[in-house]
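Next comes data-v2.cif, with mmCIF, C-alpha atoms.
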data_protein
loop_
_atom_site.group_PDB
_atom_site.id
_atom_site.type_symbol
_atom_site.label_atom_id
_atom_site.label_comp_id
_atom_site.auth_asym_id
_atom_site.auth_seq_id
_atom_site.Cartn_x
_atom_site.Cartn_y
_atom_site.Cartn_z
ATOM 1 C CA MET R 20 0.000 0.000 0.000
ATOM 2 C CA THR R 21 1.226 3.480 -0.797
ATOM 3 C CA ALA R 22 0.098 6.546 1.127
ATOM 4 C CA SER R 23 -2.133 7.555 -1.770
ATOM 5 C CA GLN R 24 -4.372 4.522 -1.841
ATOM 6 C CA VAL R 25 -5.878 1.841 0.318
ATOM 7 C CA GLU R 26 -5.313 -1.793 -0.604
ATOM 8 C CA ARG R 27 -6.689 -4.841 1.196
ATOM 9 C CA THR R 28 -6.410 -8.506 0.276
ATOM 10 C CA LEU R 29 -8.294 -11.310 1.978
ATOM 11 C CA HIS R 30 -9.263 -14.906 1.430
ATOM 12 C CA ILE R 31 -12.951 -15.795 1.419
ATOM 13 C CA ALA R 32 -14.052 -19.421 1.535
ATOM 14 C CA ALA R 33 -16.767 -18.924 -1.057
ATOM 15 C CA PRO R 34 -16.885 -19.030 -4.875
ATOM 16 C CA ALA R 35 -16.335 -15.726 -6.715
ATOM 17 C CA GLU R 36 -19.933 -15.860 -8.034
ATOM 18 C CA VAL R 37 -21.218 -15.750 -4.447
ATOM 19 C CA VAL R 38 -18.866 -12.909 -3.429
ATOM 20 C CA TRP R 39 -19.894 -10.975 -6.536
ATOM 21 C CA GLU R 40 -23.538 -10.903 -5.353
ATOM 22 C CA PHE R 41 -22.463 -9.120 -2.196
ATOM 23 C CA TRP R 42 -21.377 -6.156 -4.367
ATOM 24 C CA THR R 43 -24.313 -6.111 -6.768
ATOM 25 C CA VAL R 44 -27.480 -7.324 -5.009
ATOM 26 C CA PRO R 45 -29.048 -4.932 -2.430
ATOM 27 C CA GLU R 46 -30.172 -7.739 -0.116
ATOM 28 C CA ARG R 47 -26.634 -9.183 -0.012
ATOM 29 C CA MET R 48 -24.993 -5.770 0.441
ATOM 30 C CA CYS R 49 -27.175 -5.173 3.501
ATOM 31 C CA GLU R 50 -25.533 -8.199 5.137
ATOM 32 C CA TRP R 51 -22.149 -6.497 5.459
ATOM 33 C CA TRP R 52 -22.069 -2.819 4.525
ATOM 34 C CA ALA R 53 -25.437 -1.148 4.120
ATOM 35 C CA THR R 54 -28.760 -0.660 5.841
ATOM 36 C CA SER R 55 -30.317 -0.078 2.431
ATOM 37 C CA ALA R 56 -28.919 -0.005 -1.079
ATOM 38 C CA GLN R 57 -30.064 1.147 -4.493
ATOM 39 C CA LEU R 58 -27.968 -0.716 -7.061
ATOM 40 C CA ASN R 59 -28.036 -0.853 -10.845
ATOM 41 C CA PRO R 60 -25.023 -3.050 -11.642
ATOM 42 C CA VAL R 61 -24.387 -1.965 -15.233
ATOM 43 C CA PRO R 62 -21.661 0.432 -16.464
ATOM 44 C CA GLY R 63 -22.844 3.925 -15.511
ATOM 45 C CA GLY R 64 -25.507 2.471 -13.190
ATOM 46 C CA ILE R 65 -26.297 4.092 -9.870
ATOM 47 C CA MET R 66 -24.892 2.814 -6.592
ATOM 48 C CA ARG R 67 -26.469 4.522 -3.595
ATOM 49 C CA VAL R 68 -25.661 2.831 -0.324
ATOM 50 C CA THR R 69 -26.999 3.960 3.050
ATOM 51 C CA LEU R 70 -24.280 2.935 5.459
ATOM 52 C CA ALA R 71 -24.742 1.201 8.779
ATOM 53 C CA VAL R 72 -22.526 3.845 10.423
ATOM 54 C CA GLY R 73 -24.710 6.667 9.033
ATOM 55 C CA GLY R 74 -24.368 8.663 5.853
ATOM 56 C CA VAL R 75 -24.828 7.719 2.240
ATOM 57 C CA MET R 76 -22.242 6.410 -0.200
ATOM 58 C CA ALA R 77 -22.986 8.055 -3.546
ATOM 59 C CA GLY R 78 -21.280 6.051 -6.254
ATOM 60 C CA ARG R 79 -21.614 4.709 -9.756
ATOM 61 C CA TYR R 80 -20.662 1.407 -11.355
ATOM 62 C CA VAL R 81 -17.942 1.835 -13.988
ATOM 63 C CA GLU R 82 -16.777 -1.625 -15.089
ATOM 64 C CA LEU R 83 -18.297 -5.031 -14.439
ATOM 65 C CA ASP R 84 -16.588 -8.235 -15.518
ATOM 66 C CA GLN R 85 -18.668 -10.775 -13.648
ATOM 67 C CA PRO R 86 -17.430 -12.403 -11.440
ATOM 68 C CA ARG R 87 -13.797 -11.289 -11.715
ATOM 69 C CA ARG R 88 -13.496 -7.526 -11.648
ATOM 70 C CA LEU R 89 -15.643 -4.641 -10.481
ATOM 71 C CA VAL R 90 -14.836 -0.928 -10.624
ATOM 72 C CA PHE R 91 -16.998 1.763 -9.121
ATOM 73 C CA ARG R 92 -16.913 5.415 -8.176
ATOM 74 C CA PHE R 93 -17.069 6.137 -4.489
ATOM 75 C CA GLY R 94 -17.971 9.224 -2.464
ATOM 76 C CA TRP R 95 -20.103 10.347 0.423
ATOM 77 C CA GLU R 96 -23.055 12.590 0.696
ATOM 78 C CA ALA R 97 -22.265 14.427 3.969
ATOM 79 C CA THR R 98 -21.358 11.716 6.466
ATOM 80 C CA ARG R 99 -20.940 12.701 10.078
ATOM 81 C CA GLY R 100 -17.459 12.091 11.432
ATOM 82 C CA ALA R 101 -16.041 11.017 8.072
ATOM 83 C CA PRO R 102 -13.481 13.025 6.090
ATOM 84 C CA ALA R 103 -14.945 14.706 3.022
ATOM 85 C CA VAL R 104 -14.904 12.449 -0.034
ATOM 86 C CA PRO R 105 -17.290 14.121 -2.517
ATOM 87 C CA PRO R 106 -19.830 11.921 -4.350
ATOM 88 C CA ARG R 107 -18.200 9.759 -7.065
ATOM 89 C CA SER R 108 -14.823 11.482 -6.521
ATOM 90 C CA SER R 109 -12.723 8.398 -5.779
ATOM 91 C CA THR R 110 -12.443 4.956 -7.352
ATOM 92 C CA VAL R 111 -12.716 1.449 -5.912
ATOM 93 C CA GLU R 112 -11.497 -1.614 -7.807
ATOM 94 C CA VAL R 113 -12.424 -5.098 -6.575
ATOM 95 C CA LEU R 114 -10.666 -8.162 -8.006
ATOM 96 C CA LEU R 115 -11.929 -11.679 -7.343
ATOM 97 C CA GLU R 116 -9.435 -14.420 -8.169
ATOM 98 C CA PRO R 117 -10.040 -18.138 -7.698
ATOM 99 C CA GLY R 118 -7.791 -19.329 -4.874
ATOM 100 C CA GLU R 119 -7.387 -22.467 -2.830
ATOM 101 C CA ASP R 120 -10.805 -23.331 -1.381
ATOM 102 C CA GLY R 121 -12.398 -20.062 -2.370
ATOM 103 C CA THR R 122 -11.652 -16.587 -3.612
ATOM 104 C CA ILE R 123 -8.868 -14.062 -3.103
ATOM 105 C CA LEU R 124 -10.438 -10.625 -2.888
ATOM 106 C CA THR R 125 -8.227 -7.613 -3.554
ATOM 107 C CA LEU R 126 -9.684 -4.159 -3.020
ATOM 108 C CA ARG R 127 -7.964 -0.959 -4.128
ATOM 109 C CA HIS R 128 -9.362 2.432 -3.269
ATOM 110 C CA TYR R 129 -7.617 5.334 -4.982
ATOM 111 C CA GLY R 130 -8.112 8.913 -6.105
ATOM 112 C CA LEU R 131 -8.865 9.919 -2.522
ATOM 113 C CA PRO R 132 -9.018 13.664 -1.913
ATOM 114 C CA ALA R 133 -6.493 15.680 -0.009
ATOM 115 C CA GLY R 134 -7.480 17.387 3.204
ATOM 116 C CA GLU R 135 -7.884 21.152 3.283
ATOM 117 C CA ALA R 136 -4.627 21.673 5.137
ATOM 118 C CA GLU R 137 -2.766 19.806 2.459
ATOM 119 C CA ILE R 138 -4.400 21.671 -0.417
ATOM 120 C CA GLN R 139 -2.788 24.798 0.995
ATOM 121 C CA HIS R 140 0.599 23.142 0.567
ATOM 122 C CA ARG R 141 0.640 22.388 -3.116
ATOM 123 C CA ASP R 142 4.308 21.543 -3.190
ATOM 124 C CA GLY R 143 3.708 18.047 -1.863
ATOM 125 C CA TRP R 144 5.746 16.160 -4.434
ATOM 126 C CA THR R 145 5.938 12.783 -2.796
ATOM 127 C CA HIS R 146 5.368 9.170 -3.737
ATOM 128 C CA PHE R 147 3.901 8.782 -7.212
ATOM 129 C CA LEU R 148 4.181 12.454 -7.914
ATOM 130 C CA GLY R 149 7.926 11.955 -7.582
ATOM 131 C CA LYS R 150 7.712 9.824 -10.735
ATOM 132 C CA LEU R 151 5.953 12.676 -12.473
ATOM 133 C CA ALA R 152 8.688 15.053 -11.387
ATOM 134 C CA ASP R 153 11.283 12.723 -12.925
ATOM 135 C CA ALA R 154 9.373 12.627 -16.210
ATOM 136 C CA VAL R 155 9.046 16.408 -16.240
ATOM 137 C CA ARG R 156 12.773 16.867 -15.568
ATOM 138 C CA MET R 157 13.606 14.551 -18.468
ATOM 139 C CA GLU R 158 11.507 16.658 -20.798
ATOM 140 C CA ASP R 159 12.888 19.932 -19.511
ATOM 141 C CA LYS R 160 16.391 18.741 -20.454
ATOM 142 C CA ARG R 161 15.469 18.384 -24.116
ATOM 143 C CA MET T 25 -1.566 2.685 -9.485
ATOM 144 C CA ASP T 26 -1.951 1.516 -13.095
ATOM 145 C CA ALA T 27 -4.261 4.421 -13.873
ATOM 146 C CA VAL T 28 -1.621 6.880 -12.679
ATOM 147 C CA LEU T 29 1.172 5.330 -14.715
ATOM 148 C CA ARG T 30 -1.038 5.125 -17.804
ATOM 149 C CA ALA T 31 -2.035 8.746 -17.354
ATOM 150 C CA MET T 32 1.588 9.832 -17.071
ATOM 151 C CA ALA T 33 2.791 7.760 -20.021
ATOM 152 C CA ASP T 34 1.651 10.388 -22.517
ATOM 153 C CA PRO T 35 3.806 13.489 -23.218
ATOM 154 C CA THR T 36 0.789 15.774 -23.764
ATOM 155 C CA ARG T 37 -0.651 14.769 -20.420
ATOM 156 C CA ARG T 38 2.698 15.395 -18.720
ATOM 157 C CA ALA T 39 2.747 18.848 -20.320
ATOM 158 C CA ILE T 40 -0.749 19.494 -18.953
ATOM 159 C CA LEU T 41 0.343 18.424 -15.480
ATOM 160 C CA ARG T 42 3.251 20.839 -15.653
ATOM 161 C CA LEU T 43 0.834 23.576 -16.679
ATOM 162 C CA VAL T 44 -1.572 23.050 -13.774
ATOM 163 C CA ARG T 45 1.113 22.582 -11.139
ATOM 164 C CA GLY T 46 0.682 25.205 -8.425
ATOM 165 C CA ALA T 47 -2.177 27.029 -10.168
ATOM 166 C CA GLU T 48 -5.801 26.624 -11.158
ATOM 167 C CA VAL T 49 -6.038 26.826 -14.939
ATOM 168 C CA PRO T 50 -9.298 27.093 -16.936
ATOM 169 C CA ALA T 51 -9.914 24.339 -19.501
ATOM 170 C CA GLY T 52 -9.965 26.900 -22.308
ATOM 171 C CA GLU T 53 -6.526 28.163 -21.409
ATOM 172 C CA ILE T 54 -5.162 24.609 -21.329
ATOM 173 C CA ALA T 55 -6.639 23.917 -24.775
ATOM 174 C CA ALA T 56 -5.112 27.145 -26.118
ATOM 175 C CA ARG T 57 -1.648 25.835 -25.224
ATOM 176 C CA PHE T 58 -2.148 22.886 -27.574
ATOM 177 C CA PRO T 59 -3.244 24.562 -30.839
ATOM 178 C CA THR T 60 -2.585 21.465 -32.942
ATOM 179 C CA MET T 61 -4.967 19.391 -30.855
ATOM 180 C CA SER T 62 -8.770 19.376 -31.070
ATOM 181 C CA ARG T 63 -10.755 20.608 -28.094
ATOM 182 C CA PRO T 64 -12.337 17.159 -27.520
ATOM 183 C CA GLY T 65 -8.809 15.698 -27.666
ATOM 184 C CA VAL T 66 -7.669 17.976 -24.853
ATOM 185 C CA SER T 67 -10.866 17.206 -22.903
ATOM 186 C CA GLN T 68 -10.137 13.503 -23.212
ATOM 187 C CA HIS T 69 -6.628 13.995 -21.806
ATOM 188 C CA LEU T 70 -8.060 16.019 -18.922
ATOM 189 C CA ARG T 71 -10.522 13.258 -18.180
ATOM 190 C CA VAL T 72 -7.772 10.616 -18.066
ATOM 191 C CA LEU T 73 -5.824 12.810 -15.638
ATOM 192 C CA THR T 74 -8.912 13.447 -13.494
ATOM 193 C CA ASP T 75 -9.855 9.749 -13.440
ATOM 194 C CA ALA T 76 -6.338 8.888 -12.305
ATOM 195 C CA GLY T 77 -6.704 11.357 -9.452
ATOM 196 C CA LEU T 78 -3.753 13.416 -10.691
ATOM 197 C CA VAL T 79 -5.701 16.614 -11.219
ATOM 198 C CA ALA T 80 -8.659 18.136 -9.416
ATOM 199 C CA VAL T 81 -11.368 20.063 -11.215
ATOM 200 C CA ARG T 82 -13.518 22.858 -9.802
ATOM 201 C CA ARG T 83 -16.419 24.651 -11.478
ATOM 202 C CA LEU T 84 -16.465 28.423 -11.305
ATOM 203 C CA GLY T 85 -19.399 29.908 -13.216
ATOM 204 C CA ASN T 86 -19.085 28.592 -16.763
ATOM 205 C CA HIS T 87 -15.440 27.680 -16.292
ATOM 206 C CA ARG T 88 -13.814 24.453 -15.269
ATOM 207 C CA LEU T 89 -10.575 25.020 -13.401
ATOM 208 C CA TYR T 90 -7.923 22.319 -13.254
ATOM 209 C CA THR T 91 -5.054 21.951 -10.810
ATOM 210 C CA LEU T 92 -2.509 19.341 -9.827
ATOM 211 C CA ARG T 93 -3.850 17.356 -6.954
ATOM 212 C CA PRO T 94 -1.743 16.789 -3.877
ATOM 213 C CA GLU T 95 -1.535 13.482 -2.003
ATOM 214 C CA PRO T 96 -4.489 12.521 0.176
ATOM 215 C CA THR T 97 -3.865 13.072 3.864
ATOM 216 C CA THR T 98 -3.035 10.292 6.258
ATOM 217 C CA GLU T 99 -6.337 11.022 7.994
ATOM 218 C CA VAL T 100 -8.424 10.260 4.890
ATOM 219 C CA VAL T 101 -6.428 7.157 4.040
ATOM 220 C CA ALA T 102 -6.583 5.866 7.632
ATOM 221 C CA PHE T 103 -10.354 6.364 7.789
ATOM 222 C CA ILE T 104 -10.979 4.577 4.492
ATOM 223 C CA ASP T 105 -8.552 1.798 5.412
ATOM 224 C CA GLU T 106 -10.363 1.177 8.697
ATOM 225 C CA MET T 107 -13.759 1.235 6.978
ATOM 226 C CA TRP T 108 -12.754 -1.429 4.458
ATOM 227 C CA THR T 109 -10.979 -3.566 7.062
ATOM 228 C CA ASP T 110 -14.112 -3.669 9.231
ATOM 229 C CA ASN T 111 -16.585 -4.153 6.403
ATOM 230 C CA LEU T 112 -14.581 -6.694 4.409
ATOM 231 C CA ALA T 113 -14.339 -8.804 7.571
ATOM 232 C CA ARG T 114 -18.153 -8.763 7.694
ATOM 233 C CA LEU T 115 -18.349 -9.523 3.960
ATOM 234 C CA LYS T 116 -16.107 -12.565 4.496
ATOM 235 C CA VAL T 117 -18.340 -13.937 7.275
ATOM 236 C CA ALA T 118 -21.530 -13.290 5.285
ATOM 237 C CA ALA T 119 -20.210 -14.786 2.012
ATOM 238 C CA GLU T 120 -18.779 -17.860 3.718
ATOM 239 C CA GLY T 121 -22.053 -18.388 5.545
ATOM 240 C CA ARG T 122 -23.938 -18.218 2.276
ATOM 241 C CA ALA T 123 -21.532 -20.572 0.484
ATOM 242 C CA GLN T 124 -22.013 -23.215 3.169
ATOM 243 C CA ARG T 125 -25.753 -23.425 2.659
#
Do you think you could lay out the structure here as structure tokens?
Amino acid sequence: MTASQVERTLHIAAPAEVVWEFWTVPERMCEWWATSAQLNPVPGGIMRVTLAVGGVMAGRYVELDQPRRLVFRFGWEATRGAPAVPPRSSTVEVLLEPGEDGTILTLRHYGLPAGEAEIQHRDGWTHFLGKLADAVRMEDKR
Amino acid sequence: MDAVLRAMADPTRRAILRLVRGAEVPAGEIAARFPTMSRPGVSQHLRVLTDAGLVAVRRLGNHRLYTLRPEPTTEVVAFIDEMWTDNLARLKVAAEGRAQR
């Protein structure tokens, strides 16, 4: 994991087809993440998830390769106590790979916003932006 | 970070990033810097950069202002990390329970 994204990997003793339903069927989603969910699992389809902790996740499905890969936009309508992630402003990618006795789930969450304090310090050239700086320097030398 | 590397692989997009570093630049002004490129072409590049999280966009009246986006704070990353850790643990229990039926 780099500082700019969240990555989790876990083994689930269930077939990928079963795990997939937990991301695309409202009833299944309410078993682990939501208290209610409005889901239209097609590219561009709405994903509105009322969270158990309060607040609403306002997202949108982007890519669906059932049951292997799912990409969706992620953000919150104002959620108490949570840092501001505007609706659909970040991206979540879920990979489901067949593993021994089940599925390996890898989740990547990237494109997360900077906090206000950090926006005031626009010189933060760290991590992946360092690679950009290298590329820019190469071009400046031409 | 595939999206980031893909976004940065293109010289035009790197030029755009250099342009919006440390300033908010209207889309029209960015397009004007690339006279040989069509407006939709520039828009497409801006979308790739936005999707990769490399630039932020803000609407101001009829204008769209672009700027290089700094790293997310530790606070945001820690919150999201904790949320997924907790919820994926519940997903695992629920999915395994369902598979056993």
Using only C-alpha atoms, the best pick from T:Asp110, T:Gly52, T:Ser67, T:Gly46 as closest to chain R would be T:Gly46
task: Mind listing whatever residues come within 10 Å of the point (2.1, 16.2, -19.7)? Use all atoms listed in the file, file coordinates, and give them as a ChimeraX atom specification.
output: /R:151,154-155,158 /T:31-44,69,73
Neighbouring residues of Phe91 (chain R) were defined as those with any atom within 7 Å, considering only C-alpha atoms; residues of the same chain fewer than 3 positions away were excluded. Please report them as a ChimeraX atom specification. /R:78-82,110-112
*Evaluate the PyMOL selection byres ((chain T) within 7 of (chain R)) on the structure here and hand back the selected residues as a ChimeraX atom specification.*
/T:32,38,46,76-77,94-97,100-101,105,111,114-116,118-120,123
Using all atoms of region 64-82 of chain R that appear in the file, construct an axis-aligned enclosing box with 3 Å of padding on every side and provide its centre coordinates and edge lengths in Å, rounded to one decimal, as JSON.
{"center_x": -21.9, "center_y": 3.5, "center_z": -2.3, "size_x": 16.2, "size_y": 16.3, "size_z": 31.5}
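You will find CA of Thr91 (chain T) at 17.0 Å from CA of Phe58 (chain T).
Reported to one decimal place, the separation of CA of Met76 (chain R) from CA of Val81 (chain T) is 20.6 Å.
Here CA of Val44 (chain R) is placed at a distance of 8.9 Å from CA of Gln57 (chain R).
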If you count all atoms listed in the file, which residues fall within 7 Å of region 115-118 of chain R, apart from same-chain ones fewer than 2 positions away, as a PDB file with C-alpha atoms, in the frame of the given file?
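In the end it all went to part14.pdb:
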ATOM      1  CA  ALA R  35     -16.335 -15.726  -6.715  1.00  0.00           C
ATOM      2  CA  PRO R  86     -17.430 -12.403 -11.440  1.00  0.00           C
ATOM      3  CA  ARG R  87     -13.797 -11.289 -11.715  1.00  0.00           C
ATOM      4  CA  ARG R  88     -13.496  -7.526 -11.648  1.00  0.00           C
ATOM      5  CA  VAL R 113     -12.424  -5.098  -6.575  1.00  0.00           C
ATOM      6  CA  ASP R 120     -10.805 -23.331  -1.381  1.00  0.00           C
ATOM      7  CA  GLY R 121     -12.398 -20.062  -2.370  1.00  0.00           C
ATOM      8  CA  THR R 122     -11.652 -16.587  -3.612  1.00  0.00           C
ATOM      9  CA  ILE R 123      -8.868 -14.062  -3.103  1.00  0.00           C
ATOM     10  CA  LEU R 124     -10.438 -10.625  -2.888  1.00  0.00           C
ATOM     11  CA  THR R 125      -8.227  -7.613  -3.554  1.00  0.00           C
TER      12      THR R 125
END
Could you list, as a compact mmCIF listing (two decimals) with C-alpha atoms, in the coordinates of the input, every residue matched by the PyMOL selection byres ((chain R and resi 61) around 12) in this structure?
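The result, stored in selection_16.txt:
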# COMPACT_ATOMS: atom_id res chain seq x y z
CA THR R 43 -24.31 -6.11 -6.77
CA VAL R 44 -27.48 -7.32 -5.01
CA LEU R 58 -27.97 -0.72 -7.06
CA ASN R 59 -28.04 -0.85 -10.84
CA PRO R 60 -25.02 -3.05 -11.64
CA PRO R 62 -21.66 0.43 -16.46
CA GLY R 63 -22.84 3.92 -15.51
CA GLY R 64 -25.51 2.47 -13.19
CA ILE R 65 -26.30 4.09 -9.87
CA MET R 66 -24.89 2.81 -6.59
CA ARG R 79 -21.61 4.71 -9.76
CA TYR R 80 -20.66 1.41 -11.36
CA VAL R 81 -17.94 1.84 -13.99
CA GLU R 82 -16.78 -1.62 -15.09
CA LEU R 83 -18.30 -5.03 -14.44
CA ASP R 84 -16.59 -8.24 -15.52
CA GLN R 85 -18.67 -10.78 -13.65
CA LEU R 89 -15.64 -4.64 -10.48
CA VAL R 90 -14.84 -0.93 -10.62
CA PHE R 91 -17.00 1.76 -9.12
